[in-house]
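Novice: Take a look at final.csv, CSV, C-alpha atoms:
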```csv
chain,number,residue,atom,x,y,z
A,1,MET,CA,15.0,-17.2,33.0
A,2,ASN,CA,12.0,-15.9,31.1
A,3,THR,CA,11.7,-12.3,30.0
A,4,TYR,CA,8.4,-10.7,31.2
A,5,LYS,CA,6.6,-7.9,29.4
A,6,ASP,CA,3.1,-6.6,30.1
A,7,ILE,CA,2.2,-6.4,26.4
A,8,ILE,CA,4.0,-8.0,23.5
A,9,ILE,CA,3.4,-7.3,19.8
A,10,ILE,CA,4.5,-9.9,17.3
A,11,GLY,CA,5.4,-8.2,14.1
A,12,GLY,CA,7.3,-4.9,13.5
A,13,GLY,CA,5.3,-3.7,10.6
A,14,ALA,CA,2.8,-0.9,10.2
A,15,ALA,CA,0.1,-2.4,12.5
A,16,GLY,CA,2.6,-3.6,15.0
A,17,PHE,CA,4.4,-0.2,15.5
A,18,PHE,CA,1.1,1.7,15.5
A,19,ALA,CA,-0.4,-0.5,18.2
A,20,ALA,CA,2.8,-0.4,20.3
A,21,ILE,CA,3.1,3.4,20.2
A,22,ASN,CA,-0.6,4.0,21.0
A,23,ILE,CA,-0.5,1.5,23.9
A,24,ALA,CA,2.7,2.9,25.3
A,25,GLU,CA,1.3,6.5,25.1
A,26,GLN,CA,-1.8,5.5,27.0
A,27,HIS,CA,0.0,3.2,29.4
A,28,PRO,CA,3.4,4.6,30.3
A,29,GLU,CA,3.5,2.4,33.4
A,30,LYS,CA,3.3,-0.8,31.3
A,31,SER,CA,6.2,-2.6,29.6
A,32,VAL,CA,5.6,-2.9,25.8
A,33,ALA,CA,7.8,-4.8,23.4
A,34,ILE,CA,7.7,-5.6,19.7
A,35,LEU,CA,9.2,-8.9,18.5
A,36,GLU,CA,10.3,-8.7,14.9
A,37,ARG,CA,11.8,-11.6,13.1
A,38,GLY,CA,13.8,-9.5,10.6
A,39,LYS,CA,16.9,-7.5,11.2
A,40,GLU,CA,14.8,-4.4,10.7
A,41,GLY,CA,11.0,-3.7,10.6
A,42,LEU,CA,8.6,-1.6,8.6
A,43,GLN,CA,9.6,-3.1,5.3
A,44,LYS,CA,6.2,-2.7,3.7
A,45,VAL,CA,6.1,0.9,4.8
A,46,LYS,CA,9.5,1.4,3.2
A,47,ILE,CA,8.6,0.1,-0.3
A,48,SER,CA,4.9,1.2,-0.4
A,49,GLY,CA,4.0,3.8,-3.0
A,50,GLY,CA,7.3,3.4,-4.8
A,51,GLY,CA,9.2,4.4,-1.7
A,52,ARG,CA,6.9,7.3,-0.8
A,53,CYS,CA,4.5,5.4,1.5
A,54,ASN,CA,0.9,5.6,0.5
A,55,VAL,CA,-0.3,6.3,4.1
A,56,THR,CA,-4.0,6.4,3.5
A,57,HIS,CA,-6.7,7.5,1.0
A,58,ALA,CA,-8.7,10.8,1.0
A,59,GLU,CA,-12.1,9.0,1.6
A,60,PHE,CA,-13.9,10.5,4.6
A,61,ILE,CA,-17.2,8.6,4.7
A,62,PRO,CA,-17.0,5.2,6.4
A,63,SER,CA,-19.6,3.6,4.1
A,64,ASP,CA,-17.7,4.7,1.0
A,65,LEU,CA,-14.3,3.8,2.5
A,66,VAL,CA,-15.4,0.2,3.2
A,67,SER,CA,-16.3,-0.4,-0.5
A,68,ASN,CA,-12.6,-0.7,-1.2
A,69,TYR,CA,-12.3,-3.9,0.8
A,70,PRO,CA,-13.2,-7.1,-1.1
A,71,ARG,CA,-12.8,-8.9,2.2
A,72,GLY,CA,-13.7,-7.0,5.4
A,73,GLU,CA,-16.2,-4.5,4.0
A,74,LYS,CA,-19.0,-5.4,6.5
A,75,GLU,CA,-16.7,-5.9,9.4
A,76,LEU,CA,-14.7,-2.6,9.1
A,77,LEU,CA,-17.7,-0.3,9.0
A,78,GLY,CA,-18.0,0.0,12.8
A,79,PRO,CA,-14.2,0.3,13.3
A,80,PHE,CA,-14.0,3.1,10.7
A,81,HIS,CA,-16.6,5.1,12.7
A,82,THR,CA,-14.0,4.9,15.6
A,83,PHE,CA,-10.8,5.6,13.7
A,84,MET,CA,-10.4,6.4,10.0
A,85,THR,CA,-8.8,8.7,7.4
A,86,GLY,CA,-9.2,12.0,9.2
A,87,ASP,CA,-7.9,10.4,12.5
A,88,THR,CA,-4.9,9.0,10.6
A,89,ILE,CA,-4.1,12.5,9.2
A,90,ALA,CA,-4.4,14.1,12.6
A,91,TRP,CA,-2.3,11.4,14.3
A,92,PHE,CA,0.6,11.9,12.0
A,93,GLU,CA,0.3,15.7,12.0
A,94,GLU,CA,0.3,15.8,15.8
A,95,ARG,CA,3.6,14.0,15.6
A,96,GLY,CA,5.2,16.3,13.0
A,97,VAL,CA,4.3,14.5,9.7
A,98,GLU,CA,2.2,16.4,7.3
A,99,LEU,CA,0.3,14.5,4.6
A,100,LYS,CA,-0.8,15.6,1.1
A,101,ILE,CA,-3.6,14.5,-1.2
A,102,GLU,CA,-2.8,13.6,-4.8
A,103,ASP,CA,-5.2,13.9,-7.7
A,104,ASP,CA,-6.2,10.2,-7.5
A,105,GLY,CA,-7.0,10.5,-3.7
A,106,ARG,CA,-3.9,8.7,-2.5
A,107,MET,CA,-2.2,10.4,0.5
A,108,PHE,CA,1.6,10.6,1.0
A,109,PRO,CA,3.9,12.4,3.4
A,110,VAL,CA,4.7,15.9,2.0
A,111,SER,CA,8.4,14.8,2.0
A,112,ASN,CA,7.5,12.1,-0.6
A,113,SER,CA,9.6,9.7,1.4
A,114,SER,CA,8.6,6.6,3.3
A,115,GLN,CA,11.6,7.3,5.6
A,116,THR,CA,9.6,10.1,7.1
A,117,ILE,CA,7.0,7.6,8.4
A,118,ILE,CA,9.6,5.2,9.5
A,119,ASP,CA,11.5,7.9,11.4
A,120,CYS,CA,8.3,9.0,13.0
A,121,PHE,CA,7.5,5.5,14.3
A,122,LEU,CA,11.1,4.9,15.5
A,123,HIS,CA,11.1,8.2,17.3
A,124,GLN,CA,7.7,7.7,18.9
A,125,ALA,CA,8.6,4.1,19.9
A,126,LYS,CA,11.8,5.4,21.6
A,127,LYS,CA,10.0,8.3,23.2
A,128,HIS,CA,7.4,6.0,24.8
A,129,ASN,CA,9.9,3.3,25.9
A,130,VAL,CA,8.7,0.6,23.4
A,131,GLU,CA,11.3,-2.0,23.2
A,132,VAL,CA,11.9,-3.2,19.6
A,133,LEU,CA,13.6,-6.5,19.5
A,134,TYR,CA,14.9,-7.5,16.0
A,135,ASN,CA,15.9,-11.0,14.9
A,136,HIS,CA,13.3,-12.5,17.3
A,137,SER,CA,11.4,-15.2,15.4
A,138,VAL,CA,8.5,-16.7,17.3
A,139,LYS,CA,8.5,-20.5,17.3
A,140,SER,CA,5.5,-21.3,19.5
A,141,ILE,CA,2.7,-19.5,21.5
A,142,TYR,CA,1.2,-21.1,24.6
A,143,ALA,CA,-2.0,-19.5,25.9
A,144,ARG,CA,-2.1,-20.2,29.6
A,145,GLU,CA,-4.9,-19.3,32.0
A,146,ASN,CA,-3.9,-15.7,32.6
A,147,ASP,CA,-1.0,-15.0,30.3
A,148,PHE,CA,1.1,-16.2,27.3
A,149,LEU,CA,4.4,-18.0,26.9
A,150,LEU,CA,6.3,-17.3,23.7
A,151,ASP,CA,9.2,-19.4,22.6
A,152,THR,CA,11.5,-17.4,20.3
A,153,SER,CA,14.8,-17.7,18.5
A,154,GLN,CA,16.3,-15.5,21.3
A,155,GLY,CA,14.7,-17.0,24.4
A,156,VAL,CA,11.3,-17.3,26.1
A,157,PHE,CA,9.0,-14.4,26.8
A,158,GLU,CA,5.9,-14.1,29.0
A,159,CYS,CA,3.2,-11.4,28.7
A,160,ASP,CA,-0.3,-10.7,29.9
A,161,LYS,CA,-1.6,-9.4,26.6
A,162,LEU,CA,-0.5,-10.5,23.1
A,163,ILE,CA,-1.0,-8.7,19.8
A,164,ILE,CA,-0.3,-10.4,16.5
A,165,ALA,CA,0.4,-8.0,13.6
A,166,THR,CA,2.5,-10.2,11.4
A,167,GLY,CA,0.8,-9.7,8.0
A,168,SER,CA,0.7,-12.6,5.7
A,169,ASN,CA,2.9,-15.0,7.6
A,170,PRO,CA,2.2,-18.7,7.1
A,171,LYS,CA,4.2,-19.7,10.2
A,172,ILE,CA,2.2,-17.4,12.4
A,173,TRP,CA,-1.0,-18.5,10.8
A,174,LYS,CA,-0.1,-22.1,11.7
A,175,LEU,CA,0.5,-21.1,15.4
A,176,LEU,CA,-2.9,-19.3,15.4
A,177,GLU,CA,-4.4,-22.5,14.0
A,178,ASP,CA,-2.9,-24.4,16.9
A,179,LEU,CA,-4.6,-21.9,19.2
A,180,GLY,CA,-8.0,-22.8,17.7
A,181,HIS,CA,-8.3,-20.2,15.0
A,182,THR,CA,-9.6,-21.0,11.4
A,183,ILE,CA,-7.3,-19.7,8.7
A,184,VAL,CA,-8.8,-18.8,5.3
A,185,GLN,CA,-6.4,-20.2,2.7
A,186,PRO,CA,-4.4,-17.3,1.4
A,187,VAL,CA,-4.3,-16.4,-2.3
A,188,PRO,CA,-2.7,-13.4,-4.1
A,189,SER,CA,-5.0,-10.4,-4.1
A,190,LEU,CA,-3.3,-7.5,-5.9
A,191,PHE,CA,-1.7,-8.4,-9.2
A,192,THR,CA,-1.4,-7.4,-12.9
A,193,PHE,CA,-2.5,-9.6,-15.8
A,194,ASP,CA,0.1,-11.3,-18.1
A,195,ILE,CA,-1.1,-11.1,-21.7
A,196,LYS,CA,0.8,-11.9,-24.8
A,197,ASP,CA,-1.1,-10.1,-27.7
A,198,GLU,CA,0.1,-8.4,-30.8
A,199,ARG,CA,-2.2,-5.4,-30.2
A,200,ILE,CA,-0.4,-4.4,-27.0
A,201,MET,CA,3.1,-6.0,-27.5
A,202,ASP,CA,4.8,-2.9,-28.8
A,203,ILE,CA,3.0,-0.1,-26.8
A,204,PRO,CA,4.1,-0.5,-23.1
A,205,GLY,CA,3.4,2.7,-21.1
A,206,VAL,CA,0.2,3.6,-23.0
A,207,VAL,CA,-2.7,4.5,-20.7
A,208,ALA,CA,-6.4,4.3,-21.7
A,209,LYS,CA,-7.9,6.7,-19.2
A,210,ASP,CA,-11.4,5.2,-18.7
A,211,VAL,CA,-12.2,1.6,-19.7
A,212,GLU,CA,-14.5,-1.1,-18.6
A,213,VAL,CA,-13.1,-4.6,-18.2
A,214,LYS,CA,-15.1,-7.9,-17.8
A,215,VAL,CA,-13.7,-11.3,-16.9
A,216,LEU,CA,-15.7,-13.5,-19.3
A,217,GLU,CA,-17.8,-16.3,-17.9
A,218,THR,CA,-17.8,-14.6,-14.4
A,219,ASP,CA,-19.7,-11.7,-12.9
A,220,LEU,CA,-16.4,-9.8,-12.4
A,221,ILE,CA,-16.4,-6.3,-13.9
A,222,SER,CA,-14.5,-3.1,-13.2
A,223,GLU,CA,-13.7,0.3,-14.7
A,224,GLY,CA,-11.1,3.0,-14.5
A,225,PRO,CA,-7.7,3.7,-16.1
A,226,LEU,CA,-5.8,0.8,-17.8
A,227,LEU,CA,-2.1,0.7,-18.3
A,228,ILE,CA,-0.4,-1.4,-20.9
A,229,THR,CA,2.8,-2.9,-19.6
A,230,HIS,CA,5.7,-4.9,-21.1
A,231,VAL,CA,4.0,-8.1,-19.9
A,232,GLY,CA,0.3,-7.3,-20.1
A,233,MET,CA,-2.1,-4.9,-18.4
A,234,SER,CA,-2.2,-3.0,-15.0
A,235,ALA,CA,-3.6,0.1,-13.3
A,236,PRO,CA,-6.9,0.4,-11.3
A,237,ALA,CA,-9.2,-1.2,-13.9
A,238,ILE,CA,-7.1,-4.4,-13.7
A,239,LEU,CA,-6.0,-4.2,-10.0
A,240,LYS,CA,-9.7,-3.9,-8.8
A,241,LEU,CA,-10.5,-7.1,-10.7
A,242,SER,CA,-7.5,-8.9,-9.2
A,243,ALA,CA,-8.6,-7.8,-5.7
A,244,PHE,CA,-12.3,-8.5,-5.9
A,245,GLY,CA,-11.8,-11.6,-8.0
A,246,ALA,CA,-8.8,-13.0,-6.0
A,247,ILE,CA,-10.5,-16.3,-5.0
A,248,GLU,CA,-12.3,-16.8,-8.3
A,249,LEU,CA,-9.2,-16.0,-10.5
A,250,ALA,CA,-7.1,-18.4,-8.3
A,251,LYS,CA,-9.6,-21.1,-9.1
A,252,LEU,CA,-9.2,-20.4,-12.8
A,253,ASN,CA,-5.4,-20.8,-12.3
A,254,TYR,CA,-4.9,-17.3,-13.7
A,255,ASP,CA,-5.9,-18.5,-17.2
A,256,PHE,CA,-9.0,-16.7,-18.5
A,257,LYS,CA,-10.3,-14.2,-21.0
A,258,ILE,CA,-11.2,-10.6,-20.5
A,259,GLU,CA,-13.3,-8.2,-22.6
A,260,VAL,CA,-12.2,-4.6,-22.7
A,261,ASN,CA,-14.4,-1.7,-23.7
A,262,PHE,CA,-11.9,1.0,-24.4
A,263,ILE,CA,-14.4,3.8,-24.8
A,264,ARG,CA,-17.2,2.7,-22.3
A,265,GLN,CA,-19.8,3.1,-25.0
A,266,ASP,CA,-22.0,0.5,-26.6
A,267,TYR,CA,-21.5,-1.1,-30.0
A,268,GLU,CA,-24.3,0.7,-31.8
A,269,TRP,CA,-23.3,4.1,-30.7
A,270,CYS,CA,-19.7,3.5,-31.6
A,271,LEU,CA,-20.6,2.2,-35.0
A,272,SER,CA,-22.7,5.2,-35.8
A,273,VAL,CA,-19.8,7.6,-34.9
A,274,LEU,CA,-17.4,5.7,-37.1
A,275,LYS,CA,-20.0,5.8,-40.0
A,276,ASP,CA,-20.1,9.6,-39.6
A,277,SER,CA,-16.3,9.6,-39.6
A,278,LYS,CA,-16.3,7.7,-42.9
A,279,GLN,CA,-18.0,10.7,-44.5
A,280,GLU,CA,-16.3,13.5,-42.5
A,281,TYR,CA,-12.7,12.3,-42.8
A,282,ALA,CA,-13.1,10.5,-46.2
A,283,LYS,CA,-9.6,11.5,-47.5
A,284,LYS,CA,-7.7,11.0,-44.2
A,285,LEU,CA,-5.8,7.9,-43.2
A,286,VAL,CA,-7.8,5.9,-40.6
A,287,VAL,CA,-4.6,5.1,-38.5
A,288,ASN,CA,-3.9,8.9,-38.2
A,289,THR,CA,-7.5,9.9,-37.2
A,290,THR,CA,-7.6,9.1,-33.5
A,291,HIS,CA,-11.1,8.9,-31.9
A,292,PHE,CA,-12.6,8.9,-28.4
A,293,GLU,CA,-9.5,10.5,-26.8
A,294,LEU,CA,-7.6,7.3,-27.1
A,295,PRO,CA,-3.8,7.3,-27.1
A,296,LYS,CA,-2.6,7.4,-30.7
A,297,ARG,CA,-0.5,4.3,-30.4
A,298,LEU,CA,-3.4,2.3,-29.0
A,299,TRP,CA,-5.8,3.6,-31.7
A,300,LYS,CA,-3.3,2.5,-34.4
A,301,GLN,CA,-3.0,-1.0,-33.0
A,302,LEU,CA,-6.8,-1.4,-32.8
A,303,VAL,CA,-7.2,-0.1,-36.3
A,304,LEU,CA,-4.6,-2.6,-37.6
A,305,ALA,CA,-6.3,-5.4,-35.7
A,306,SER,CA,-9.5,-4.6,-37.6
A,307,ASN,CA,-8.0,-5.6,-41.0
A,308,ILE,CA,-7.4,-1.9,-41.9
A,309,ASN,CA,-3.9,-1.3,-43.2
A,310,GLU,CA,-1.8,1.8,-42.7
A,311,THR,CA,-2.5,3.2,-46.2
A,312,GLU,CA,-6.3,3.0,-46.1
A,313,ARG,CA,-8.4,6.1,-45.9
A,314,TRP,CA,-11.8,6.4,-44.3
A,315,ALA,CA,-13.4,6.4,-47.8
A,316,ASP,CA,-11.7,3.1,-48.6
A,317,ILE,CA,-12.9,1.0,-45.7
A,318,ASN,CA,-15.9,-1.3,-46.0
A,319,LYS,CA,-18.8,-2.2,-43.7
A,320,SER,CA,-17.1,-5.3,-42.2
A,321,GLN,CA,-13.9,-3.3,-41.4
A,322,LEU,CA,-16.0,-0.6,-39.7
A,323,GLU,CA,-17.8,-3.4,-37.7
A,324,ALA,CA,-14.4,-5.0,-36.8
A,325,LEU,CA,-13.1,-1.7,-35.5
A,326,THR,CA,-16.2,-1.1,-33.5
A,327,LEU,CA,-15.7,-4.5,-31.9
A,328,GLN,CA,-12.1,-3.7,-31.1
A,329,LEU,CA,-13.1,-0.5,-29.4
A,330,THR,CA,-16.1,-1.8,-27.4
A,331,ALA,CA,-15.4,-5.5,-26.9
A,332,ALA,CA,-11.8,-6.4,-27.5
A,333,GLN,CA,-11.0,-9.8,-26.1
A,334,PHE,CA,-7.6,-10.7,-24.5
A,335,HIS,CA,-6.3,-14.0,-23.1
A,336,VAL,CA,-4.8,-13.7,-19.7
A,337,THR,CA,-2.2,-16.4,-19.1
A,338,GLY,CA,-0.8,-15.5,-15.7
A,339,LYS,CA,-0.2,-12.8,-13.1
A,340,SER,CA,2.6,-10.6,-11.9
A,341,THR,CA,3.0,-8.9,-8.5
A,342,PHE,CA,2.0,-5.3,-8.6
A,343,LYS,CA,5.2,-3.4,-8.0
A,344,GLU,CA,6.6,-4.7,-4.7
A,345,GLU,CA,3.2,-4.5,-3.0
A,346,PHE,CA,2.3,-8.1,-2.4
A,347,VAL,CA,-1.1,-8.4,-0.8
A,348,THR,CA,-3.0,-11.6,0.0
A,349,ALA,CA,-6.6,-12.5,0.5
A,350,GLY,CA,-6.8,-14.9,3.4
A,351,GLY,CA,-5.9,-15.1,7.1
A,352,VAL,CA,-7.7,-15.5,10.4
A,353,ASP,CA,-11.5,-16.0,9.7
A,354,LEU,CA,-13.3,-12.7,10.4
A,355,LYS,CA,-16.1,-14.5,12.3
A,356,GLU,CA,-13.5,-15.3,15.0
A,357,ILE,CA,-12.7,-11.6,15.8
A,358,ASN,CA,-14.6,-9.1,17.9
A,359,PHE,CA,-14.4,-6.0,15.7
A,360,LYS,CA,-15.4,-3.7,18.6
A,361,THR,CA,-12.0,-4.6,20.2
A,362,PHE,CA,-10.1,-6.7,17.6
A,363,GLU,CA,-9.8,-9.3,20.3
A,364,SER,CA,-9.9,-13.0,19.4
A,365,LYS,CA,-13.1,-14.7,20.2
A,366,ARG,CA,-11.2,-17.9,20.6
A,367,VAL,CA,-8.4,-16.8,23.0
A,368,PRO,CA,-8.9,-14.1,25.6
A,369,ASN,CA,-6.3,-11.3,25.7
A,370,LEU,CA,-5.1,-12.1,22.2
A,371,TYR,CA,-5.6,-9.3,19.7
A,372,LEU,CA,-5.1,-9.3,15.9
A,373,ALA,CA,-4.4,-6.3,13.6
A,374,GLY,CA,-3.5,-5.7,10.0
A,375,GLU,CA,-3.3,-8.3,7.2
A,376,VAL,CA,-2.9,-11.3,9.6
A,377,ILE,CA,-6.7,-11.3,9.5
A,378,ASN,CA,-8.7,-12.0,6.3
A,379,VAL,CA,-9.0,-8.4,5.2
A,380,ASP,CA,-7.5,-6.9,2.1
A,381,ALA,CA,-8.1,-3.9,-0.1
A,382,VAL,CA,-7.6,-2.4,-3.5
A,383,THR,CA,-4.5,-0.3,-4.1
A,384,GLY,CA,-4.4,3.3,-2.9
A,385,GLY,CA,-3.5,3.4,0.8
A,386,PHE,CA,-6.5,1.3,2.0
A,387,ASN,CA,-4.5,-1.7,3.3
A,388,PHE,CA,-2.5,0.7,5.6
A,389,GLN,CA,-5.8,2.3,6.8
A,390,ASN,CA,-7.0,-1.1,7.9
A,391,ALA,CA,-3.7,-1.5,9.8
A,392,TRP,CA,-3.9,1.9,11.5
A,393,THR,CA,-7.6,1.4,12.4
A,394,GLY,CA,-7.2,-2.1,13.8
A,395,ALA,CA,-4.0,-1.2,15.7
A,396,TYR,CA,-5.6,1.9,17.2
A,397,ILE,CA,-8.7,0.0,18.4
A,398,VAL,CA,-6.5,-2.7,19.9
A,399,SER,CA,-4.7,0.1,21.9
A,400,GLN,CA,-8.0,1.5,23.0
A,401,SER,CA,-9.3,-1.9,24.1
A,402,ILE,CA,-6.2,-2.6,26.1
A,403,ALA,CA,-6.4,0.8,27.7
A,404,LYS,CA,-9.9,0.0,28.9
A,405,SER,CA,-9.2,-3.5,30.1
```
Do you think you could lay out the structure here as structure tokens?

Specialist:
Amino acid sequence: MNTYKDIIIIGGGAAGFFAAINIAEQHPEKSVAILERGKEGLQKVKISGGGRCNVTHAEFIPSDLVSNYPRGEKELLGPFHTFMTGDTIAWFEERGVELKIEDDGRMFPVSNSSQTIIDCFLHQAKKHNVEVLYNHSVKSIYARENDFLLDTSQGVFECDKLIIATGSNPKIWKLLEDLGHTIVQPVPSLFTFDIKDERIMDIPGVVAKDVEVKVLETDLISEGPLLITHVGMSAPAILKLSAFGAIELAKLNYDFKIEVNFIRQDYEWCLSVLKDSKQEYAKKLVVNTTHFELPKRLWKQLVLASNINETERWADINKSQLEALTLQLTAAQFHVTGKSTFKEEFVTAGGVDLKEINFKTFESKRVPNLYLAGEVINVDAVTGGFNFQNAWTGAYIVSQSIAKS
């Protein structure tokens, strides 16, 4: 005996729950179910933002918001005019969850706990009679003339409308391929750089507030804060490169060189400042005279890398040492030998080809009554709450589309 539901959502994550709740609110007469393969859902919500859940980002102009999406920038402009940051804030506040903006623009629940978001979703799902079925792994999807047949680990389901919100799930991508969709090969999109280099080996935790980073022999360039970690480099300057360069860096097998301008000034300007310092601080030790608001420990390592020892004063250093220090400050090269996942937030570039989705409705152009939301499609973003905003927007527009159909 098959189980019938009007609407089934595959995937109990951010996009899946958001779609289900909004559909059930607008269609109380319809049966709505989420099929989740795990024993619990909302796992990415749980770990996001170090367990605080980075719900969205305080960016309120659609054309600015889309610039944070290496894949999906053009396609999301229209959807963000329908539902974006302000709508997300209002949606949660109307359901008792207040959000706050941090200095860097990221937005979190005032409670500082992702459990607040999870509890909100579970409460709303229950309130609107969304059936959440855990341990239901979907094995096959048959698109029939007017409905869908789903074979799962817990039996067969039928539904009129099907929403897929499974994130980066290779098994579901394979099923979508069988339905006629093109899958863009997934590659990691948000990662830190592994670098073994004496200059940074002993200073993990140091942050250079405003740097410029280039990947040599490519057009990739970014700017922002840079964090030195125990395995290499991280923070926005690096993470932006990893997102926008996801495909290119994969082709390089994560083995390439970067050039870091720690002060975002050119060579000639920097050299002239250091020449002035040679006069002004003649009797002082170079390692102790930090410049350009750099962290002391980083300044010291760059000085030592310029063949200037710890006992040398400004008066003692020669022209070639000054030039070497200028190079370390404005064009320090580092060899990247691999990548590491950024915290637990594993994001991929790849998924259902964007040309095969109608972004006015998020309905498949290949299969009528099939909708796709979240990271199952080839959209990804830089860190800061943007991936969740894509999930909320897509899921909300799916709910609106189903309400009108």

Novice: In Å, rounded to a single decimal, give me how far atom CA of Pro28 of chain A is from atom CA of Phe148 of chain A.

Specialist: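 One can read the atom CA of Phe148 of chain A to atom CA of Pro28 of chain A distance as 21.1 Å.
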
Novice: Show me, as a list of chain:residue names, the residues that have an atom within 9 Å of Gly49 of chain A when counting only C-alpha atoms, minus same-chain residues fewer than 4 positions from it.

Specialist: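 Counting only the stated atoms, we get A:Val45, A:Cys53, A:Asn54, A:Val55, A:Phe108, A:Ser114, A:Lys343, A:Glu345, A:Gly384, A:Gly385.
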
Novice: Record the distance separating atom CA of Gln389 of chain A and atom CA of Tyr254 of chain A, expressed in Å with one decimal.

Specialist: 28.4 Å

Novice: Name the residues in contact with Ser48 of chain A at a cut-off of 12 Å, using all atoms listed in the file, excluding same-chain residues fewer than 2 positions from it; report them as a ChimeraX atom specification.

Specialist: /A:14,42-46,50-56,106-109,112-115,117-118,342-347,383-388

Novice: Any idea what's packed within 9 Å of segment 160-176 of chain A, counting only C-alpha atoms, ignoring anything in its chain fewer than 6 positions away? Could you give it as number ranges by chain?

Specialist: A: 4-17, 19, 36, 138-141, 146-148, 182-183, 186, 347-352, 363, 368-377, 391, 395, 398, 402

Novice: From the options A:Val286, A:Ala324, A:Asp316, A:Asn307, which residue's atoms come nearest to Leu271 of chain A, counting all atoms listed in the file?

Specialist: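 Among the listed residues, A:Ala324 lies closest to Leu271 of chain A.
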
Novice: Excluding His27 of chain A and residues on its chain fewer than 2 positions from it, collect all residues at most 12 Å away from it, counting only C-alpha atoms, and give them as a list in words.

Specialist: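 Answer for this query is Asp6, Ile7, Ala19, Ala20, Ile21, Asn22, Ile23, Ala24, Glu25, Glu29, Lys30, Ser31, Val32, His128, Asn129, Val130, Ser399, Gln400, Ser401, Ile402, Ala403, Lys404 and Ser405 of chain A.
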
Novice: Residues at most 7 Å from segment 299-301 of chain A, counting only C-alpha atoms, excluding those fewer than 6 positions away in the same chain, as a short mmCIF file (atom, residue, chain, number, x, y, z; two decimals) with C-alpha atoms, in the frame of the given file?

Specialist:
```
data_model
loop_
_atom_site.label_atom_id
_atom_site.label_comp_id
_atom_site.auth_asym_id
_atom_site.auth_seq_id
_atom_site.Cartn_x
_atom_site.Cartn_y
_atom_site.Cartn_z
CA ARG A 199 -2.20 -5.40 -30.20
CA VAL A 287 -4.60 5.10 -38.50
CA THR A 290 -7.60 9.10 -33.50
#
```

Novice: In Å, with one decimal, what is the gap from atom CA of Ala246 of chain A to atom CA of Pro188 of chain A?

Specialist: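 Taking atom CA of Ala246 of chain A and atom CA of Pro188 of chain A, their separation equals 6.4 Å.
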
Novice: Compare A:Lys209, A:Lys278, A:Lys196, A:His335 by their minimum atom-to-atom distance to Thr229 of chain A, counting all atoms listed in the file, and give me the closest one.

Specialist: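 Answer, going by the shortest atom-to-atom distance: A:Lys196.
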
Novice: Of the residues A:Pro225, A:Gly38, A:Pro204, A:Gly245, which is the one nearest to Leu298 of chain A, using only C-alpha atoms?

Specialist: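 The answer is A:Pro204, which sits nearest to Leu298 of chain A.
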
Novice: Please output segment 154-165 of chain A, rebuilt to include N, CA and C atoms, as a JSON list (two decimals), in the frame of the given file.

Specialist:
```json
[["chain", "number", "residue", "atom", "x", "y", "z"],
["A", 154, "GLN", "N", 15.38, -16.16, 20.35],
["A", 154, "GLN", "CA", 16.30, -15.50, 21.30],
["A", 154, "GLN", "C", 15.83, -15.70, 22.76],
["A", 155, "GLY", "N", 15.11, -16.77, 23.02],
["A", 155, "GLY", "CA", 14.70, -17.00, 24.40],
["A", 155, "GLY", "C", 13.19, -17.02, 24.58],
["A", 156, "VAL", "N", 12.77, -17.21, 25.83],
["A", 156, "VAL", "CA", 11.30, -17.30, 26.10],
["A", 156, "VAL", "C", 10.81, -16.03, 26.76],
["A", 157, "PHE", "N", 9.62, -15.62, 26.31],
["A", 157, "PHE", "CA", 9.00, -14.40, 26.80],
["A", 157, "PHE", "C", 7.64, -14.74, 27.41],
["A", 158, "GLU", "N", 7.26, -13.96, 28.42],
["A", 158, "GLU", "CA", 5.90, -14.10, 29.00],
["A", 158, "GLU", "C", 5.25, -12.70, 28.90],
["A", 159, "CYS", "N", 3.91, -12.71, 28.70],
["A", 159, "CYS", "CA", 3.20, -11.40, 28.70],
["A", 159, "CYS", "C", 1.73, -11.68, 29.06],
["A", 160, "ASP", "N", 1.07, -10.60, 29.51],
["A", 160, "ASP", "CA", -0.30, -10.70, 29.90],
["A", 160, "ASP", "C", -1.26, -10.53, 28.66],
["A", 161, "LYS", "N", -0.85, -9.62, 27.77],
["A", 161, "LYS", "CA", -1.60, -9.40, 26.60],
["A", 161, "LYS", "C", -0.74, -9.56, 25.34],
["A", 162, "LEU", "N", -1.31, -10.19, 24.33],
["A", 162, "LEU", "CA", -0.50, -10.50, 23.10],
["A", 162, "LEU", "C", -1.25, -9.94, 21.90],
["A", 163, "ILE", "N", -0.49, -9.22, 21.06],
["A", 163, "ILE", "CA", -1.00, -8.70, 19.80],
["A", 163, "ILE", "C", -0.27, -9.29, 18.66],
["A", 164, "ILE", "N", -0.99, -9.82, 17.69],
["A", 164, "ILE", "CA", -0.30, -10.40, 16.50],
["A", 164, "ILE", "C", -0.60, -9.49, 15.32],
["A", 165, "ALA", "N", 0.50, -8.98, 14.75],
["A", 165, "ALA", "CA", 0.40, -8.00, 13.60],
["A", 165, "ALA", "C", 1.48, -8.40, 12.60]]
```
